[in-house]
Amino acid sequence: MFILKTESLTKKYGSESQPIYALRDLNMSVEAGEFVAIMGPSGSGKSTALYLMGGLDRPTSGHVWLRDKDITTMNDDALSKVRRESIGFVFQFFNLIPVLTAVENVAMPLILDGVPRPQALERAEAALKQVDLANRASHRPSELSGGQQQRAAIARALAAKPAIILADEPTGNLDSRSSDEVVAVLRRTVDDFGQTLVLVTHDPRVAAHADRIVFIKDGNIVDENRLKGADRAEQIREKLGRVAMSEG
Amino acid sequence: MSVKFTLLALLHQRPMHGYELGKQFSSIMEADWDVKPGQIASTLARMKDGGLVDYEIAESSDAPDRKVYSITDEGRADLELWYRTPEVRDYRLSDTFYIKLVLSILGGPVPPEQVLSAQRRELYQQLHNVTEMLRKTDARKQLPWVLLLESATMHLEADLRWIEMCEAHLPDLKHYTPPKPPPRQRGRPRRHATPERESDGALGGSSEA
């Protein structure tokens, strides 16, 4: 069963006589509990695809179905409600509010959405726990490493219990170690909590965590890779040979 | 992987009998690196003949007498030389995928785009597998294994970058024509020809054939 589906999704810029297609007839669907990575060269339309899926931008034509609702035909109010309730966003820059602590940052969207403060904070704490950041709840962003800030941003996206999380280059601003840490947290939300996740990246190391990689070029899918599970991993282990590990 | 130097390295730590060496061998090589007891015994025998190891008979009341092996000075020198000699990696200048790609560019039933895509899918599958293994490994307990997995990751990343590079160059590559092979020598080799020329002529197949 799909959580999100695009139908001939098209985004066109420029004039009628010289149109530039950022996205052209994109058809893809994301299953419940699936982790999909979208890859492609810069300007391929991968971020545009993500923004249209999340209702942050409107397509020129085509549809985005979030479960049984077509978000492309909604008015602005209905769309912003769907975005708040059902879609979690994670961006390259963490967009945390500097004067608030981690837990306050995570609780903020819930409070704005009318959840009473104590419950909002409680849910925020649970979300921080989910990203292994419970012990940093009362720290301000400036007191957190880049990886920790991004994990707080992931917790903020998780707190609303969204149907899907859309992440745009979530590791683009991080060193490789923090990047590993962030993507491992994202993977865990899928494995342990059944979260559905779409992530745009240009980093093969990040994409390798996904269940499926979709390659986009010139506004459309050029290839797709369904990654098989663990039994093949053992074969690779065989191929790699064994490590010499001295017991001293 | 060299059985000889692994055994020398183990004996450098302390003298051991054959059975103990076999056990150490497996545990150090992570899980079950397949070395047969016979292989260890024959390697030890060869090293004894070569003066790299020596043994003493350890008498035992409740078990058969055992040969306890130790490393000799000569063995130690050999081992040290092995450690100090860098390993040469094959940089795959005769890579089969490269050949496949070039042939597909020259024309064939499958266009180079698809050849590249198929290769990329496989590389991502491998990267996915290694990533899964890394995720399941505790770096604090199995750091050497983690480092080997990191090495595999980095090589796969490099291969993927190279695929991307080839893809970016595909439009230009399609205009590529291979250099013509040098013209074949015809007729008898010339009398005063240089030795190189003579051999060229002979290889080129003469009218005598």
# chains A, B, ... in the order shown; residues from 1 in each chain; ligands from 1

$ select_by_dssp --residues "region 49-241 of chain A" --states "strand (DSSP E)" --output "PyMOL selection string"
chain A and resi 61-66+69-70+87-90+164-168+197-200+212-217+220-226

$ select_by_dssp --residues "region 10-230 of chain A" --states "helix (DSSP H, G or I)" --output "VMD selection string"
chain A and resid 46 to 53 71 to 73 76 to 86 102 to 112 117 to 130 134 to 136 141 to 143 146 to 159 176 to 193 204 to 207 230

$ residues_around --residues "Ala157 (chain A)" --least-positions-apart "4" --cutoff "7 Å" --atoms "only C-alpha atoms" --output "JSON, numbers by chain"
{"A": [88, 89, 90, 153]}

$ closest_atom_pairs --of "chain B" --to "chain A" --cutoff "8 Å" --atoms "only C-alpha atoms" --output "CSV"
residue,atom,partner,partner_atom,distance
B:Gln13,CA,A:Gly248,CA,7.6
B:Ile28,CA,A:Met245,CA,4.9
B:Met29,CA,A:Ala244,CA,5.0
B:Glu30,CA,A:Arg242,CA,5.7
B:Ala31,CA,A:Arg242,CA,7.9
B:Trp33,CA,A:Arg242,CA,6.6
B:Ser117,CA,A:Asp223,CA,7.2
B:Arg121,CA,A:Asn225,CA,5.9
B:Tyr124,CA,A:Ala208,CA,6.3
B:Gln125,CA,A:Leu227,CA,5.6
B:Gln126,CA,A:Ile236,CA,7.3
B:Leu127,CA,A:Ala208,CA,5.8
B:His128,CA,A:Ala208,CA,4.4
B:Asn129,CA,A:Ala233,CA,4.5
B:Val130,CA,A:Ala233,CA,6.7
B:Thr131,CA,A:His209,CA,6.5
B:Glu132,CA,A:His209,CA,7.3
B:Met133,CA,A:Ala233,CA,6.9
B:Arg135,CA,A:Ala184,CA,7.5
B:Pro144,CA,A:Met245,CA,6.4
B:Trp145,CA,A:Val243,CA,5.8
B:Leu148,CA,A:Val243,CA,7.1
B:Ala152,CA,A:Leu240,CA,7.9
B:Thr153,CA,A:Arg205,CA,7.7
B:Glu157,CA,A:Pro204,CA,6.6
B:Leu160,CA,A:Pro204,CA,7.7

$ residues_around --residues "region 161-163 of chain A" --least-positions-apart "4" --cutoff "7 Å" --atoms "only C-alpha atoms" --output "PyMOL selection string"
chain A and resi 85-88+196

$ write_last_selection --atoms "C-alpha atoms" --output "PDB file, in the first residue's frame"
ATOM      1  CA  GLU A  85      -0.080  16.895  10.536  1.00  0.00           C
ATOM      2  CA  SER A  86       1.149  14.350   8.029  1.00  0.00           C
ATOM      3  CA  ILE A  87       4.481  15.429   6.582  1.00  0.00           C
ATOM      4  CA  GLY A  88       7.746  15.852   8.444  1.00  0.00           C
ATOM      5  CA  THR A 196       8.176   6.063   5.795  1.00  0.00           C
TER       6      THR A 196
END

$ residues_around --residues "Ala77 (chain B)" --least-positions-apart "6" --cutoff "10 Å" --atoms "only C-alpha atoms" --output "short mmCIF file (atom, residue, chain, number, x, y, z; two decimals) with N, CA, C and O atoms, in the first residue's frame"
data_model
loop_
_atom_site.label_atom_id
_atom_site.label_comp_id
_atom_site.auth_asym_id
_atom_site.auth_seq_id
_atom_site.Cartn_x
_atom_site.Cartn_y
_atom_site.Cartn_z
N LEU B 52 63.22 -21.58 9.43
CA LEU B 52 62.48 -20.41 9.92
C LEU B 52 61.84 -20.68 11.29
O LEU B 52 61.61 -19.75 12.05
N ILE B 71 59.80 -19.52 16.75
CA ILE B 71 60.38 -18.84 15.58
C ILE B 71 61.90 -18.73 15.78
O ILE B 71 62.37 -18.53 16.90
N TYR B 83 56.73 -7.59 6.84
CA TYR B 83 56.01 -6.42 7.37
C TYR B 83 56.47 -5.15 6.68
O TYR B 83 55.68 -4.24 6.44
#

$ residues_around --residues "Asp113 (chain A)" --least-positions-apart "6" --cutoff "10 Å" --atoms "only C-alpha atoms" --output "list in words"
Lys81, Arg84, Glu85, Ala107, Ala120 and Ala160 of chain A

$ closest_residue --among "A:Ala32, A:Ile97, A:Arg83, A:Thr73" --to "Gly55 (chain A)" --atoms "only C-alpha atoms"
A:Arg83

$ residues_around --residues "region 163-170 of chain B" --least-positions-apart "6" --cutoff "12 Å" --atoms "only C-alpha atoms" --output "VMD selection string"
(chain A and resid 39 to 41 202 204 215 217) or (chain B and resid 97 to 98 101 to 102 104 to 106 111 to 124 156 to 157 176)

$ write_last_selection --atoms "N, CA, C and O atoms" --output "compact mmCIF listing (two decimals), in the first residue's frame"
# COMPACT_ATOMS: atom_id res chain seq x y z
N MET A 39 18.40 10.19 -5.98
CA MET A 39 19.72 10.70 -6.35
C MET A 39 19.68 11.30 -7.75
O MET A 39 18.81 10.97 -8.55
N GLY A 40 20.63 12.14 -8.04
CA GLY A 40 20.71 12.72 -9.37
C GLY A 40 21.68 13.88 -9.36
O GLY A 40 21.93 14.45 -8.30
N PRO A 41 22.20 14.25 -10.51
CA PRO A 41 23.11 15.39 -10.56
C PRO A 41 22.39 16.67 -10.18
O PRO A 41 21.15 16.71 -10.16
N HIS A 202 23.15 13.42 -2.65
CA HIS A 202 24.07 13.13 -3.74
C HIS A 202 25.18 12.22 -3.23
O HIS A 202 26.10 11.87 -3.93
N PRO A 204 26.60 8.75 -2.09
CA PRO A 204 26.34 7.31 -2.20
C PRO A 204 26.30 6.62 -0.84
O PRO A 204 25.53 5.70 -0.61
N PHE A 215 16.96 7.12 -9.37
CA PHE A 215 17.89 8.05 -10.01
C PHE A 215 17.11 8.98 -10.94
O PHE A 215 16.38 8.52 -11.82
N LYS A 217 17.15 12.26 -13.62
CA LYS A 217 17.97 13.08 -14.50
C LYS A 217 17.03 13.84 -15.43
O LYS A 217 16.05 13.27 -15.90
N PHE B 97 35.08 -4.68 -16.53
CA PHE B 97 33.97 -3.76 -16.77
C PHE B 97 34.38 -2.66 -17.75
O PHE B 97 33.61 -2.28 -18.63
N TYR B 98 35.60 -2.19 -17.61
CA TYR B 98 36.11 -1.17 -18.52
C TYR B 98 36.05 -1.69 -19.96
O TYR B 98 35.61 -0.98 -20.87
N LEU B 101 32.54 -1.70 -21.21
CA LEU B 101 32.06 -0.35 -21.51
C LEU B 101 32.60 0.14 -22.85
O LEU B 101 31.86 0.65 -23.69
N VAL B 102 33.91 -0.03 -23.06
CA VAL B 102 34.52 0.44 -24.30
C VAL B 102 33.90 -0.28 -25.50
O VAL B 102 33.55 0.34 -26.50
N SER B 104 30.94 -1.53 -25.68
CA SER B 104 29.56 -1.08 -25.89
C SER B 104 29.54 0.29 -26.56
O SER B 104 28.62 0.62 -27.31
N ILE B 105 30.57 1.11 -26.29
CA ILE B 105 30.66 2.42 -26.93
C ILE B 105 30.93 2.26 -28.43
O ILE B 105 30.40 2.98 -29.26
N LEU B 106 31.73 1.25 -28.77
CA LEU B 106 32.06 1.01 -30.18
C LEU B 106 30.86 0.45 -30.94
O LEU B 106 30.88 0.38 -32.16
N PRO B 111 23.27 -0.40 -25.29
CA PRO B 111 23.95 0.90 -25.28
C PRO B 111 24.74 1.13 -23.99
O PRO B 111 24.38 0.57 -22.95
N PRO B 112 25.81 1.94 -24.07
CA PRO B 112 26.67 2.15 -22.90
C PRO B 112 25.92 2.69 -21.68
O PRO B 112 26.28 2.38 -20.56
N GLU B 113 24.86 3.49 -21.91
CA GLU B 113 24.07 4.00 -20.78
C GLU B 113 23.58 2.86 -19.91
O GLU B 113 23.63 2.92 -18.69
N GLN B 114 23.09 1.82 -20.59
CA GLN B 114 22.52 0.69 -19.84
C GLN B 114 23.60 -0.17 -19.19
O GLN B 114 23.41 -0.75 -18.13
N VAL B 115 24.75 -0.22 -19.87
CA VAL B 115 25.88 -0.95 -19.29
C VAL B 115 26.31 -0.26 -17.99
O VAL B 115 26.55 -0.91 -16.97
N LEU B 116 26.36 1.08 -18.05
CA LEU B 116 26.74 1.85 -16.85
C LEU B 116 25.68 1.69 -15.76
O LEU B 116 26.02 1.52 -14.58
N SER B 117 24.40 1.73 -16.13
CA SER B 117 23.33 1.61 -15.13
C SER B 117 23.40 0.27 -14.43
O SER B 117 23.25 0.19 -13.20
N ALA B 118 23.60 -0.79 -15.20
CA ALA B 118 23.64 -2.13 -14.60
C ALA B 118 24.80 -2.22 -13.60
O ALA B 118 24.65 -2.76 -12.51
N GLN B 119 25.93 -1.64 -13.99
CA GLN B 119 27.09 -1.67 -13.10
C GLN B 119 26.82 -0.86 -11.83
O GLN B 119 27.16 -1.27 -10.73
N ARG B 120 26.17 0.29 -12.02
CA ARG B 120 25.89 1.14 -10.86
C ARG B 120 24.92 0.45 -9.89
O ARG B 120 25.09 0.52 -8.69
N ARG B 121 23.93 -0.23 -10.46
CA ARG B 121 22.99 -0.95 -9.59
C ARG B 121 23.73 -1.97 -8.74
O ARG B 121 23.48 -2.10 -7.55
N GLU B 122 24.66 -2.68 -9.36
CA GLU B 122 25.42 -3.70 -8.62
C GLU B 122 26.30 -3.04 -7.55
O GLU B 122 26.38 -3.51 -6.42
N LEU B 123 26.95 -1.93 -7.91
CA LEU B 123 27.82 -1.25 -6.94
C LEU B 123 27.01 -0.75 -5.75
O LEU B 123 27.45 -0.86 -4.60
N TYR B 124 25.80 -0.22 -6.03
CA TYR B 124 24.97 0.25 -4.92
C TYR B 124 24.49 -0.91 -4.06
O TYR B 124 24.37 -0.78 -2.84
N LEU B 156 34.17 1.33 -3.15
CA LEU B 156 32.89 1.34 -3.86
C LEU B 156 32.47 2.77 -4.22
O LEU B 156 31.98 3.03 -5.31
N GLU B 157 32.72 3.70 -3.28
CA GLU B 157 32.41 5.11 -3.56
C GLU B 157 33.21 5.61 -4.75
O GLU B 157 32.70 6.32 -5.61
N TYR B 176 34.21 8.68 -30.04
CA TYR B 176 35.53 8.08 -29.96
C TYR B 176 35.70 6.98 -31.00
O TYR B 176 34.84 6.12 -31.18

$ closest_residue --among "B:Met154, B:Leu21, B:Ala139, B:Val53" --to "Thr72 (chain B)" --atoms "only C-alpha atoms"
B:Val53
